[in-house]
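What's in protein21.csv: CSV, N, CA and C atoms
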chain,number,residue,atom,x,y,z
F,6,GLN,N,83.3,71.7,85.5
F,6,GLN,CA,83.0,72.8,86.5
F,6,GLN,C,84.2,73.0,87.4
F,7,VAL,N,84.4,74.2,87.8
F,7,VAL,CA,85.5,74.6,88.6
F,7,VAL,C,85.1,75.2,89.9
F,8,GLN,N,85.8,74.8,91.0
F,8,GLN,CA,85.5,75.4,92.3
F,8,GLN,C,86.6,76.4,92.6
F,9,LEU,N,86.2,77.5,93.2
F,9,LEU,CA,87.1,78.6,93.5
F,9,LEU,C,87.2,78.8,95.0
F,10,ALA,N,88.4,79.0,95.6
F,10,ALA,CA,88.5,79.3,97.0
F,10,ALA,C,89.5,80.5,97.2
F,11,GLU,N,89.0,81.5,97.8
F,11,GLU,CA,89.8,82.7,98.1
F,11,GLU,C,90.5,82.6,99.5
F,12,SER,N,91.7,83.2,99.6
F,12,SER,CA,92.3,83.2,100.9
F,12,SER,C,93.2,84.4,100.9
F,13,GLY,N,93.7,84.8,102.1
F,13,GLY,CA,94.7,85.9,102.2
F,13,GLY,C,94.1,87.2,102.7
F,14,GLY,N,92.8,87.2,103.0
F,14,GLY,CA,92.2,88.4,103.5
F,14,GLY,C,92.6,88.6,105.0
F,15,GLY,N,92.3,89.7,105.5
F,15,GLY,CA,92.6,90.0,106.9
F,15,GLY,C,92.4,91.4,107.3
F,16,LEU,N,93.0,91.8,108.4
F,16,LEU,CA,92.9,93.2,108.9
F,16,LEU,C,94.3,93.8,108.7
F,17,VAL,N,94.3,95.0,108.1
F,17,VAL,CA,95.6,95.6,107.9
F,17,VAL,C,95.4,97.1,108.1
F,18,GLN,N,96.5,97.8,108.4
F,18,GLN,CA,96.4,99.2,108.6
F,18,GLN,C,96.5,99.9,107.2
F,19,ALA,N,95.9,101.1,107.2
F,19,ALA,CA,96.0,101.9,106.0
F,19,ALA,C,97.5,102.1,105.5
F,20,GLY,N,97.7,101.9,104.3
F,20,GLY,CA,99.1,102.0,103.7
F,20,GLY,C,99.7,100.6,103.6
F,21,GLY,N,99.1,99.6,104.2
F,21,GLY,CA,99.7,98.3,104.2
F,21,GLY,C,99.4,97.5,103.0
F,22,SER,N,99.8,96.2,103.0
F,22,SER,CA,99.6,95.4,101.8
F,22,SER,C,99.1,94.0,102.2
F,23,LEU,N,98.4,93.4,101.2
F,23,LEU,CA,97.9,92.0,101.3
F,23,LEU,C,98.0,91.4,100.0
F,24,ARG,N,98.1,90.1,100.0
F,24,ARG,CA,98.0,89.3,98.7
F,24,ARG,C,96.9,88.3,98.9
F,25,LEU,N,95.9,88.4,98.0
F,25,LEU,CA,94.9,87.5,98.0
F,25,LEU,C,95.2,86.4,97.0
F,26,SER,N,94.7,85.2,97.3
F,26,SER,CA,94.9,84.0,96.4
F,26,SER,C,93.5,83.5,96.0
F,27,CYS,N,93.4,83.0,94.8
F,27,CYS,CA,92.2,82.3,94.3
F,27,CYS,C,92.7,81.0,93.7
F,28,ALA,N,92.4,79.9,94.5
F,28,ALA,CA,92.8,78.6,94.0
F,28,ALA,C,91.6,77.9,93.4
F,29,ALA,N,91.9,77.3,92.3
F,29,ALA,CA,90.9,76.6,91.5
F,29,ALA,C,91.1,75.1,91.7
F,30,SER,N,90.0,74.4,91.7
F,30,SER,CA,90.0,72.9,91.7
F,30,SER,C,88.9,72.4,90.8
F,31,GLY,N,89.0,71.2,90.4
F,31,GLY,CA,88.0,70.6,89.6
F,31,GLY,C,88.3,70.5,88.2
F,32,ARG,N,89.0,71.6,87.7
F,32,ARG,CA,89.4,71.6,86.3
F,32,ARG,C,90.6,72.5,86.2
F,33,THR,N,91.4,72.3,85.2
F,33,THR,CA,92.5,73.1,85.0
F,33,THR,C,92.1,74.6,84.8
F,34,PHE,N,92.8,75.5,85.4
F,34,PHE,CA,92.5,76.9,85.4
F,34,PHE,C,93.0,77.6,84.1
F,35,SER,N,93.7,76.8,83.3
F,35,SER,CA,94.5,77.5,82.2
F,35,SER,C,93.6,78.2,81.2
F,36,TYR,N,92.4,77.7,81.0
F,36,TYR,CA,91.6,78.3,79.9
F,36,TYR,C,90.4,79.0,80.5
F,37,TYR,N,90.7,79.7,81.6
F,37,TYR,CA,89.6,80.5,82.2
F,37,TYR,C,90.1,81.9,82.4
F,38,ALA,N,89.3,82.9,82.0
F,38,ALA,CA,89.5,84.3,82.4
F,38,ALA,C,89.1,84.4,83.9
F,39,VAL,N,89.8,85.2,84.6
F,39,VAL,CA,89.6,85.3,86.0
F,39,VAL,C,89.5,86.8,86.4
F,40,GLY,N,88.6,87.1,87.3
F,40,GLY,CA,88.4,88.4,87.8
F,40,GLY,C,88.3,88.5,89.3
F,41,TRP,N,88.6,89.6,89.9
F,41,TRP,CA,88.4,89.9,91.3
F,41,TRP,C,87.3,91.0,91.4
F,42,PHE,N,86.4,90.7,92.3
F,42,PHE,CA,85.3,91.7,92.6
F,42,PHE,C,85.3,92.0,94.1
F,43,ARG,N,84.7,93.0,94.5
F,43,ARG,CA,84.5,93.2,95.9
F,43,ARG,C,83.2,93.8,96.2
F,44,GLN,N,82.8,93.6,97.5
F,44,GLN,CA,81.5,94.1,97.9
F,44,GLN,C,81.6,94.6,99.3
F,45,ALA,N,81.3,95.9,99.5
F,45,ALA,CA,81.3,96.5,100.8
F,45,ALA,C,79.9,96.5,101.4
F,46,PRO,N,79.7,96.6,102.7
F,46,PRO,CA,78.4,96.5,103.3
F,46,PRO,C,77.5,97.6,102.7
F,47,GLY,N,76.3,97.2,102.3
F,47,GLY,CA,75.4,98.1,101.7
F,47,GLY,C,75.7,98.6,100.3
F,48,GLU,N,76.7,98.1,99.7
F,48,GLU,CA,77.1,98.5,98.3
F,48,GLU,C,76.9,97.3,97.4
F,49,GLU,N,76.9,97.6,96.1
F,49,GLU,CA,76.8,96.6,95.1
F,49,GLU,C,78.2,96.0,94.8
F,50,ARG,N,78.2,94.8,94.4
F,50,ARG,CA,79.5,94.2,94.0
F,50,ARG,C,80.1,94.9,92.8
F,51,GLU,N,81.4,95.1,92.9
F,51,GLU,CA,82.0,95.9,91.9
F,51,GLU,C,83.3,95.2,91.4
F,52,PHE,N,83.6,95.4,90.1
F,52,PHE,CA,84.8,94.9,89.5
F,52,PHE,C,86.1,95.5,90.1
F,53,VAL,N,87.1,94.7,90.3
F,53,VAL,CA,88.4,95.3,90.8
F,53,VAL,C,89.5,95.1,89.8
F,54,ALA,N,89.6,93.8,89.3
F,54,ALA,CA,90.7,93.5,88.4
F,54,ALA,C,90.4,92.2,87.7
F,55,GLY,N,90.9,92.1,86.5
F,55,GLY,CA,90.7,90.9,85.7
F,55,GLY,C,91.9,90.5,84.9
F,56,ILE,N,92.0,89.3,84.5
F,56,ILE,CA,93.1,88.8,83.7
F,56,ILE,C,92.7,87.8,82.7
F,57,SER,N,93.2,87.8,81.5
F,57,SER,CA,92.8,86.9,80.5
F,57,SER,C,93.4,85.5,80.8
F,58,TRP,N,92.9,84.5,80.1
F,58,TRP,CA,93.3,83.1,80.3
F,58,TRP,C,94.8,82.9,80.1
F,59,ASN,N,95.3,83.7,79.1
F,59,ASN,CA,96.7,83.5,78.7
F,59,ASN,C,97.7,84.5,79.3
F,60,ASP,N,97.2,85.3,80.2
F,60,ASP,CA,98.0,86.3,80.9
F,60,ASP,C,98.5,87.4,80.0
F,61,VAL,N,97.8,87.6,78.9
F,61,VAL,CA,98.2,88.6,77.9
F,61,VAL,C,97.6,90.0,78.3
F,62,SER,N,96.4,89.9,78.8
F,62,SER,CA,95.7,91.2,79.1
F,62,SER,C,95.3,91.2,80.6
F,63,THR,N,95.3,92.4,81.1
F,63,THR,CA,94.8,92.7,82.5
F,63,THR,C,94.0,94.0,82.4
F,64,ARG,N,93.1,94.1,83.4
F,64,ARG,CA,92.2,95.3,83.4
F,64,ARG,C,92.0,95.6,84.9
F,65,TYR,N,91.9,96.9,85.2
F,65,TYR,CA,91.7,97.4,86.6
F,65,TYR,C,90.7,98.4,86.7
F,66,ALA,N,90.0,98.4,87.8
F,66,ALA,CA,89.1,99.5,88.1
F,66,ALA,C,90.0,100.8,88.4
F,67,ASP,N,89.5,101.9,88.0
F,67,ASP,CA,90.2,103.2,88.2
F,67,ASP,C,90.6,103.4,89.7
F,68,SER,N,89.8,102.9,90.6
F,68,SER,CA,90.1,103.1,92.0
F,68,SER,C,91.3,102.3,92.5
F,69,VAL,N,91.7,101.3,91.8
F,69,VAL,CA,92.8,100.5,92.3
F,69,VAL,C,94.0,100.5,91.4
F,70,LYS,N,93.9,101.2,90.3
F,70,LYS,CA,95.1,101.3,89.3
F,70,LYS,C,96.3,101.9,90.0
F,71,GLY,N,97.4,101.2,89.8
F,71,GLY,CA,98.7,101.6,90.4
F,71,GLY,C,98.9,101.1,91.8
F,72,ARG,N,97.9,100.5,92.4
F,72,ARG,CA,98.0,100.0,93.7
F,72,ARG,C,97.8,98.4,93.8
F,73,PHE,N,97.0,97.9,92.9
F,73,PHE,CA,96.7,96.5,92.9
F,73,PHE,C,97.3,95.9,91.6
F,74,THR,N,97.7,94.6,91.8
F,74,THR,CA,98.2,93.9,90.6
F,74,THR,C,97.7,92.5,90.6
F,75,ILE,N,97.1,92.1,89.5
F,75,ILE,CA,96.6,90.8,89.3
F,75,ILE,C,97.6,89.9,88.5
F,76,SER,N,97.7,88.7,88.9
F,76,SER,CA,98.7,87.8,88.2
F,76,SER,C,98.1,86.4,88.4
F,77,ARG,N,98.7,85.5,87.6
F,77,ARG,CA,98.3,84.1,87.6
F,77,ARG,C,99.4,83.1,87.5
F,78,ASP,N,99.3,82.0,88.1
F,78,ASP,CA,100.2,80.9,87.9
F,78,ASP,C,99.4,79.7,87.5
F,79,ASN,N,99.3,79.4,86.2
F,79,ASN,CA,98.4,78.3,85.8
F,79,ASN,C,98.9,77.0,86.2
F,80,ALA,N,100.2,76.9,86.4
F,80,ALA,CA,100.8,75.6,86.9
F,80,ALA,C,100.3,75.3,88.3
F,81,LYS,N,100.0,76.3,89.1
F,81,LYS,CA,99.5,76.1,90.4
F,81,LYS,C,98.0,76.3,90.5
F,82,ASN,N,97.3,76.5,89.3
F,82,ASN,CA,95.9,76.8,89.3
F,82,ASN,C,95.5,77.9,90.3
F,83,THR,N,96.2,78.9,90.3
F,83,THR,CA,96.0,80.0,91.2
F,83,THR,C,96.1,81.4,90.6
F,84,VAL,N,95.3,82.3,91.0
F,84,VAL,CA,95.3,83.7,90.6
F,84,VAL,C,95.5,84.5,91.8
F,85,TYR,N,96.3,85.6,91.7
F,85,TYR,CA,96.7,86.4,92.9
F,85,TYR,C,96.2,87.8,92.7
F,86,LEU,N,96.0,88.5,93.8
F,86,LEU,CA,95.7,89.9,93.7
F,86,LEU,C,96.6,90.6,94.8
F,87,ARG,N,97.6,91.2,94.3
F,87,ARG,CA,98.5,91.9,95.2
F,87,ARG,C,97.9,93.3,95.5
F,88,MET,N,97.7,93.7,96.7
F,88,MET,CA,97.1,95.0,97.1
F,88,MET,C,98.1,95.8,97.9
F,89,ASN,N,98.5,96.9,97.4
F,89,ASN,CA,99.5,97.8,98.1
F,89,ASN,C,98.8,99.1,98.4
F,90,SER,N,99.4,99.8,99.3
F,90,SER,CA,98.8,101.2,99.7
F,90,SER,C,97.4,101.1,100.0
F,91,LEU,N,97.0,100.2,100.8
F,91,LEU,CA,95.6,100.0,101.0
F,91,LEU,C,94.9,101.1,101.8
F,92,LYS,N,93.7,101.4,101.5
F,92,LYS,CA,92.9,102.5,102.0
F,92,LYS,C,91.7,101.9,102.8
F,93,PRO,N,91.2,102.7,103.7
F,93,PRO,CA,90.0,102.2,104.4
F,93,PRO,C,88.8,101.9,103.4
F,94,GLU,N,88.8,102.7,102.3
F,94,GLU,CA,87.7,102.4,101.4
F,94,GLU,C,87.9,101.1,100.6
F,95,ASP,N,89.0,100.5,100.7
F,95,ASP,CA,89.2,99.1,100.1
F,95,ASP,C,88.5,98.0,101.0
F,96,THR,N,88.0,98.4,102.1
F,96,THR,CA,87.4,97.4,103.0
F,96,THR,C,86.2,96.8,102.3
F,97,ALA,N,86.2,95.5,102.2
F,97,ALA,CA,85.1,94.8,101.5
F,97,ALA,C,85.3,93.2,101.6
F,98,VAL,N,84.4,92.5,101.2
F,98,VAL,CA,84.6,91.1,100.9
F,98,VAL,C,85.0,91.0,99.5
F,99,TYR,N,86.1,90.3,99.3
F,99,TYR,CA,86.7,90.1,97.9
F,99,TYR,C,86.4,88.7,97.4
F,100,TYR,N,85.9,88.7,96.1
F,100,TYR,CA,85.5,87.5,95.5
F,100,TYR,C,86.3,87.3,94.2
F,101,CYS,N,86.7,86.0,94.0
F,101,CYS,CA,87.2,85.8,92.6
F,101,CYS,C,86.2,85.1,91.8
F,102,ALA,N,86.3,85.2,90.5
F,102,ALA,CA,85.3,84.6,89.6
F,102,ALA,C,86.0,84.2,88.4
F,103,ALA,N,85.5,83.2,87.7
F,103,ALA,CA,86.1,82.6,86.5
F,103,ALA,C,85.1,82.3,85.5
F,104,SER,N,85.6,82.3,84.2
F,104,SER,CA,84.7,81.9,83.1
F,104,SER,C,85.6,81.3,82.0
F,105,PRO,N,85.1,80.3,81.3
F,105,PRO,CA,85.9,79.8,80.2
F,105,PRO,C,86.2,80.8,79.2
F,106,SER,N,87.4,80.8,78.6
F,106,SER,CA,87.7,81.8,77.6
F,106,SER,C,88.8,81.3,76.7
F,107,SER,N,88.7,81.8,75.5
F,107,SER,CA,89.8,81.5,74.5
F,107,SER,C,90.3,82.8,73.9
F,108,SER,N,90.0,83.9,74.5
F,108,SER,CA,90.4,85.2,73.9
F,108,SER,C,91.3,86.0,74.8
F,109,TRP,N,91.8,87.1,74.4
F,109,TRP,CA,92.6,88.0,75.2
F,109,TRP,C,91.7,88.9,76.0
F,110,TYR,N,90.4,88.9,75.7
F,110,TYR,CA,89.5,89.9,76.3
F,110,TYR,C,89.4,89.7,77.8
F,111,VAL,N,89.4,90.7,78.6
F,111,VAL,CA,89.2,90.6,80.0
F,111,VAL,C,87.8,91.0,80.4
F,112,TYR,N,87.1,90.1,81.0
F,112,TYR,CA,85.7,90.3,81.4
F,112,TYR,C,85.7,91.2,82.6
F,113,PHE,N,84.7,92.1,82.7
F,113,PHE,CA,84.6,93.0,83.8
F,113,PHE,C,83.2,93.2,84.3
F,114,GLU,N,82.3,92.5,83.7
F,114,GLU,CA,80.9,92.5,84.2
F,114,GLU,C,80.6,91.2,85.0
F,115,ILE,N,79.7,91.4,86.0
F,115,ILE,CA,79.4,90.3,86.9
F,115,ILE,C,78.8,89.1,86.0
F,116,TYR,N,77.9,89.5,85.1
F,116,TYR,CA,77.2,88.4,84.3
F,116,TYR,C,78.1,87.7,83.4
F,117,GLU,N,79.3,88.1,83.2
F,117,GLU,CA,80.2,87.5,82.3
F,117,GLU,C,81.0,86.3,82.9
F,118,TYR,N,80.8,86.2,84.2
F,118,TYR,CA,81.5,85.2,85.0
F,118,TYR,C,80.6,84.1,85.4
F,119,ASP,N,81.0,82.8,85.2
F,119,ASP,CA,80.2,81.7,85.5
F,119,ASP,C,80.4,81.1,86.9
F,120,TYR,N,81.6,81.2,87.4
F,120,TYR,CA,81.9,80.5,88.7
F,120,TYR,C,82.4,81.6,89.7
F,121,TRP,N,82.0,81.4,90.9
F,121,TRP,CA,82.4,82.3,92.0
F,121,TRP,C,82.8,81.6,93.2
F,122,GLY,N,83.8,82.2,93.9
F,122,GLY,CA,84.2,81.8,95.2
F,122,GLY,C,83.3,82.4,96.3
F,123,HIS,N,83.6,82.0,97.5
F,123,HIS,CA,82.7,82.5,98.7
F,123,HIS,C,83.2,83.8,99.3
F,124,GLY,N,84.4,84.2,98.9
F,124,GLY,CA,84.8,85.5,99.3
F,124,GLY,C,85.8,85.4,100.5
F,125,THR,N,86.6,86.5,100.6
F,125,THR,CA,87.5,86.6,101.8
F,125,THR,C,87.4,88.1,102.2
F,126,GLN,N,87.3,88.3,103.5
F,126,GLN,CA,87.2,89.6,104.1
F,126,GLN,C,88.5,90.4,104.1
F,127,VAL,N,88.5,91.6,103.6
F,127,VAL,CA,89.6,92.5,103.8
F,127,VAL,C,89.1,93.7,104.5
F,128,THR,N,89.8,94.0,105.6
F,128,THR,CA,89.4,95.2,106.4
F,128,THR,C,90.7,96.1,106.6
F,129,VAL,N,90.5,97.3,106.2
F,129,VAL,CA,91.6,98.3,106.3
F,129,VAL,C,91.3,99.3,107.3
F,130,SER,N,92.1,99.4,108.4
F,130,SER,CA,91.8,100.4,109.5
F,130,SER,C,92.6,101.7,109.2
F,131,SER,N,92.0,102.8,109.6
F,131,SER,CA,92.6,104.1,109.4
F,131,SER,C,93.5,104.4,110.5

Please express the file's structure as structure tokens.
Amino acid sequence: QVQLAESGGGLVQAGGSLRLSCAASGRTFSYYAVGWFRQAPGEEREFVAGISWNDVSTRYADSVKGRFTISRDNAKNTVYLRMNSLKPEDTAVYYCAASPSSSWYVYFEIYEYDYWGHGTQVTVSS
């Protein structure tokens, strides 16, 4: 079993940047596909970005393409989400999720992920 902990959230002005981190403990992160999701108040949780276990493949929601970048450092058991050109509509609680994987496929459905962090709040002011 793997435990996930997000960090790096905060309050930022529109146009600013943040980098979220998802640190794993309990097991090596190397053989896990990882995704970032977000949930705004009153909204359903939605996929933001995902990365395959071997860093070969990434996938992004249309709403963040060109602005967000997901990356991983397996030596540090950490996955990052770099968020640039932030907009007020990016305001949400951001969650990382992980699931064992041996393929290049990037999971993007909630049910495909077995482990979840508790989330970190990102607030973008206009």

DSSP strand (DSSP E) selection over chain F, as number ranges by chain: F: 8-12, 15-18, 23-30, 37-44, 51-56, 63-65, 73-78, 83-88, 97-105, 120-121, 125-130

Counting only C-alpha atoms, the residue of F:Ser35, F:Ser104, F:Thr128, F:Thr74 that sits nearest Val53 of chain F: F:Thr74

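Take atom CA of Pro93 of chain F and atom C of Gly47 of chain F: the distance between them is 15.3 Å.
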
Contacts of Arg24 of chain F at 7 Å (only C-alpha atoms; same-chain gap of 2+ positions) as a PyMOL selection string: chain F and resi 13+26+85-88

Near-Phe52 of chain F list (8 Å; only N, CA and C atoms; drop same-chain fewer than 5 positions) as an NGL selection string: :F and (40-44 or 64-67 or 112-115)

Computed interatomic separation between atom N of Cys101 of chain F and atom N of Ala19 of chain F (Å): 22.1 Å

Using only C-alpha atoms and a cutoff of 9 Å, can you tell me which residues are near (93.5, 82.5, 93.9) in the file's coordinates, and write them out as a PDB file with N, CA and C atoms, in the frame of the given file?
ATOM      1  N   LEU F   9      86.200  77.500  93.200  1.00  0.00           N
ATOM      2  CA  LEU F   9      87.100  78.600  93.500  1.00  0.00           C
ATOM      3  C   LEU F   9      87.200  78.800  95.000  1.00  0.00           C
ATOM      4  N   ALA F  10      88.400  79.000  95.600  1.00  0.00           N
ATOM      5  CA  ALA F  10      88.500  79.300  97.000  1.00  0.00           C
ATOM      6  C   ALA F  10      89.500  80.500  97.200  1.00  0.00           C
ATOM      7  N   GLU F  11      89.000  81.500  97.800  1.00  0.00           N
ATOM      8  CA  GLU F  11      89.800  82.700  98.100  1.00  0.00           C
ATOM      9  C   GLU F  11      90.500  82.600  99.500  1.00  0.00           C
ATOM     10  N   SER F  12      91.700  83.200  99.600  1.00  0.00           N
ATOM     11  CA  SER F  12      92.300  83.200 100.900  1.00  0.00           C
ATOM     12  C   SER F  12      93.200  84.400 100.900  1.00  0.00           C
ATOM     13  N   LEU F  25      95.900  88.400  98.000  1.00  0.00           N
ATOM     14  CA  LEU F  25      94.900  87.500  98.000  1.00  0.00           C
ATOM     15  C   LEU F  25      95.200  86.400  97.000  1.00  0.00           C
ATOM     16  N   SER F  26      94.700  85.200  97.300  1.00  0.00           N
ATOM     17  CA  SER F  26      94.900  84.000  96.400  1.00  0.00           C
ATOM     18  C   SER F  26      93.500  83.500  96.000  1.00  0.00           C
ATOM     19  N   CYS F  27      93.400  83.000  94.800  1.00  0.00           N
ATOM     20  CA  CYS F  27      92.200  82.300  94.300  1.00  0.00           C
ATOM     21  C   CYS F  27      92.700  81.000  93.700  1.00  0.00           C
ATOM     22  N   ALA F  28      92.400  79.900  94.500  1.00  0.00           N
ATOM     23  CA  ALA F  28      92.800  78.600  94.000  1.00  0.00           C
ATOM     24  C   ALA F  28      91.600  77.900  93.400  1.00  0.00           C
ATOM     25  N   ALA F  29      91.900  77.300  92.300  1.00  0.00           N
ATOM     26  CA  ALA F  29      90.900  76.600  91.500  1.00  0.00           C
ATOM     27  C   ALA F  29      91.100  75.100  91.700  1.00  0.00           C
ATOM     28  N   ARG F  77      98.700  85.500  87.600  1.00  0.00           N
ATOM     29  CA  ARG F  77      98.300  84.100  87.600  1.00  0.00           C
ATOM     30  C   ARG F  77      99.400  83.100  87.500  1.00  0.00           C
ATOM     31  N   ASN F  82      97.300  76.500  89.300  1.00  0.00           N
ATOM     32  CA  ASN F  82      95.900  76.800  89.300  1.00  0.00           C
ATOM     33  C   ASN F  82      95.500  77.900  90.300  1.00  0.00           C
ATOM     34  N   THR F  83      96.200  78.900  90.300  1.00  0.00           N
ATOM     35  CA  THR F  83      96.000  80.000  91.200  1.00  0.00           C
ATOM     36  C   THR F  83      96.100  81.400  90.600  1.00  0.00           C
ATOM     37  N   VAL F  84      95.300  82.300  91.000  1.00  0.00           N
ATOM     38  CA  VAL F  84      95.300  83.700  90.600  1.00  0.00           C
ATOM     39  C   VAL F  84      95.500  84.500  91.800  1.00  0.00           C
ATOM     40  N   TYR F  85      96.300  85.600  91.700  1.00  0.00           N
ATOM     41  CA  TYR F  85      96.700  86.400  92.900  1.00  0.00           C
ATOM     42  C   TYR F  85      96.200  87.800  92.700  1.00  0.00           C
ATOM     43  N   LEU F  86      96.000  88.500  93.800  1.00  0.00           N
ATOM     44  CA  LEU F  86      95.700  89.900  93.700  1.00  0.00           C
ATOM     45  C   LEU F  86      96.600  90.600  94.800  1.00  0.00           C
ATOM     46  N   CYS F 101      86.700  86.000  94.000  1.00  0.00           N
ATOM     47  CA  CYS F 101      87.200  85.800  92.600  1.00  0.00           C
ATOM     48  C   CYS F 101      86.200  85.100  91.800  1.00  0.00           C
TER      49      CYS F 101
END

Selected residue of minimal separation from Ser62 of chain F among F:Val111, F:Val7, F:Val98, F:Leu91, counting only C-alpha atoms: F:Val111

Sel. within 5 Å of pt (85.7, 73.8, 90.1), counting all atoms listed in the file, output as a PyMOL selection string: chain F and resi 6-9+30-32

Residues as selected, N, CA and C atoms, written as an mmCIF file, keeping the file's coordinate frame, can you do that?
data_model
loop_
_atom_site.group_PDB
_atom_site.id
_atom_site.type_symbol
_atom_site.label_atom_id
_atom_site.label_comp_id
_atom_site.auth_asym_id
_atom_site.auth_seq_id
_atom_site.Cartn_x
_atom_site.Cartn_y
_atom_site.Cartn_z
ATOM 1 N N GLN F 6 83.300 71.700 85.500
ATOM 2 C CA GLN F 6 83.000 72.800 86.500
ATOM 3 C C GLN F 6 84.200 73.000 87.400
ATOM 4 N N VAL F 7 84.400 74.200 87.800
ATOM 5 C CA VAL F 7 85.500 74.600 88.600
ATOM 6 C C VAL F 7 85.100 75.200 89.900
ATOM 7 N N GLN F 8 85.800 74.800 91.000
ATOM 8 C CA GLN F 8 85.500 75.400 92.300
ATOM 9 C C GLN F 8 86.600 76.400 92.600
ATOM 10 N N LEU F 9 86.200 77.500 93.200
ATOM 11 C CA LEU F 9 87.100 78.600 93.500
ATOM 12 C C LEU F 9 87.200 78.800 95.000
ATOM 13 N N SER F 30 90.000 74.400 91.700
ATOM 14 C CA SER F 30 90.000 72.900 91.700
ATOM 15 C C SER F 30 88.900 72.400 90.800
ATOM 16 N N GLY F 31 89.000 71.200 90.400
ATOM 17 C CA GLY F 31 88.000 70.600 89.600
ATOM 18 C C GLY F 31 88.300 70.500 88.200
ATOM 19 N N ARG F 32 89.000 71.600 87.700
ATOM 20 C CA ARG F 32 89.400 71.600 86.300
ATOM 21 C C ARG F 32 90.600 72.500 86.200
#

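Pairwise distance (atom CA of Val127 of chain F, atom CA of Asp95 of chain F) equals 7.6 Å.
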
For Ser90 of chain F, the nearest of the candidates F:Tyr37, F:Tyr120, F:Arg72, F:Pro46, counting only C-alpha atoms: F:Arg72

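Shortest separation to Val129 of chain F among F:Ile56, F:Tyr99, F:Ser68, F:Glu94 occurs at residue F:Glu94, atoms counted being only C-alpha atoms.
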
Start from the incomplete input, build all heavy atoms for segment 71-76 of chain F, and deliver everything as a PDB file, in the frame of the given file.
ATOM      1  N   GLY F  71      97.400 101.200  89.800  1.00  0.00           N
ATOM      2  CA  GLY F  71      98.700 101.600  90.400  1.00  0.00           C
ATOM      3  C   GLY F  71      98.900 101.100  91.800  1.00  0.00           C
ATOM      4  O   GLY F  71     100.007 101.206  92.291  1.00  0.00           O
ATOM      5  N   ARG F  72      97.900 100.500  92.400  1.00  0.00           N
ATOM      6  CA  ARG F  72      98.000 100.000  93.700  1.00  0.00           C
ATOM      7  C   ARG F  72      97.800  98.400  93.800  1.00  0.00           C
ATOM      8  O   ARG F  72      98.495  97.777  94.553  1.00  0.00           O
ATOM      9  CB  ARG F  72      96.974 100.602  94.652  1.00  0.00           C
ATOM     10  CG  ARG F  72      97.092 102.099  94.788  1.00  0.00           C
ATOM     11  CD  ARG F  72      96.177 102.634  95.887  1.00  0.00           C
ATOM     12  NE  ARG F  72      94.762 102.394  95.611  1.00  0.00           N
ATOM     13  CZ  ARG F  72      93.956 101.718  96.428  1.00  0.00           C
ATOM     14  NH1 ARG F  72      94.419 101.208  97.557  1.00  0.00           N
ATOM     15  NH2 ARG F  72      92.672 101.549  96.107  1.00  0.00           N
ATOM     16  N   PHE F  73      97.000  97.900  92.900  1.00  0.00           N
ATOM     17  CA  PHE F  73      96.700  96.500  92.900  1.00  0.00           C
ATOM     18  C   PHE F  73      97.300  95.900  91.600  1.00  0.00           C
ATOM     19  O   PHE F  73      97.345  96.512  90.568  1.00  0.00           O
ATOM     20  CB  PHE F  73      95.197  96.233  92.878  1.00  0.00           C
ATOM     21  CG  PHE F  73      94.473  96.570  94.153  1.00  0.00           C
ATOM     22  CD1 PHE F  73      95.078  97.291  95.176  1.00  0.00           C
ATOM     23  CD2 PHE F  73      93.156  96.149  94.333  1.00  0.00           C
ATOM     24  CE1 PHE F  73      94.398  97.606  96.340  1.00  0.00           C
ATOM     25  CE2 PHE F  73      92.466  96.454  95.492  1.00  0.00           C
ATOM     26  CZ  PHE F  73      93.088  97.181  96.485  1.00  0.00           C
ATOM     27  N   THR F  74      97.700  94.600  91.800  1.00  0.00           N
ATOM     28  CA  THR F  74      98.200  93.900  90.600  1.00  0.00           C
ATOM     29  C   THR F  74      97.700  92.500  90.600  1.00  0.00           C
ATOM     30  O   THR F  74      97.759  91.765  91.599  1.00  0.00           O
ATOM     31  CB  THR F  74      99.777  93.790  90.673  1.00  0.00           C
ATOM     32  OG1 THR F  74     100.340  95.099  90.737  1.00  0.00           O
ATOM     33  CG2 THR F  74     100.320  93.075  89.435  1.00  0.00           C
ATOM     34  N   ILE F  75      97.100  92.100  89.500  1.00  0.00           N
ATOM     35  CA  ILE F  75      96.600  90.800  89.300  1.00  0.00           C
ATOM     36  C   ILE F  75      97.600  89.900  88.500  1.00  0.00           C
ATOM     37  O   ILE F  75      98.215  90.436  87.587  1.00  0.00           O
ATOM     38  CB  ILE F  75      95.187  90.767  88.621  1.00  0.00           C
ATOM     39  CG1 ILE F  75      94.546  89.376  88.650  1.00  0.00           C
ATOM     40  CG2 ILE F  75      95.269  91.329  87.215  1.00  0.00           C
ATOM     41  CD1 ILE F  75      93.086  89.357  88.193  1.00  0.00           C
ATOM     42  N   SER F  76      97.700  88.700  88.900  1.00  0.00           N
ATOM     43  CA  SER F  76      98.700  87.800  88.200  1.00  0.00           C
ATOM     44  C   SER F  76      98.100  86.400  88.400  1.00  0.00           C
ATOM     45  O   SER F  76      97.242  86.101  89.143  1.00  0.00           O
ATOM     46  CB  SER F  76     100.074  87.909  88.793  1.00  0.00           C
ATOM     47  OG  SER F  76     100.095  87.523  90.163  1.00  0.00           O
TER      48      SER F  76
END
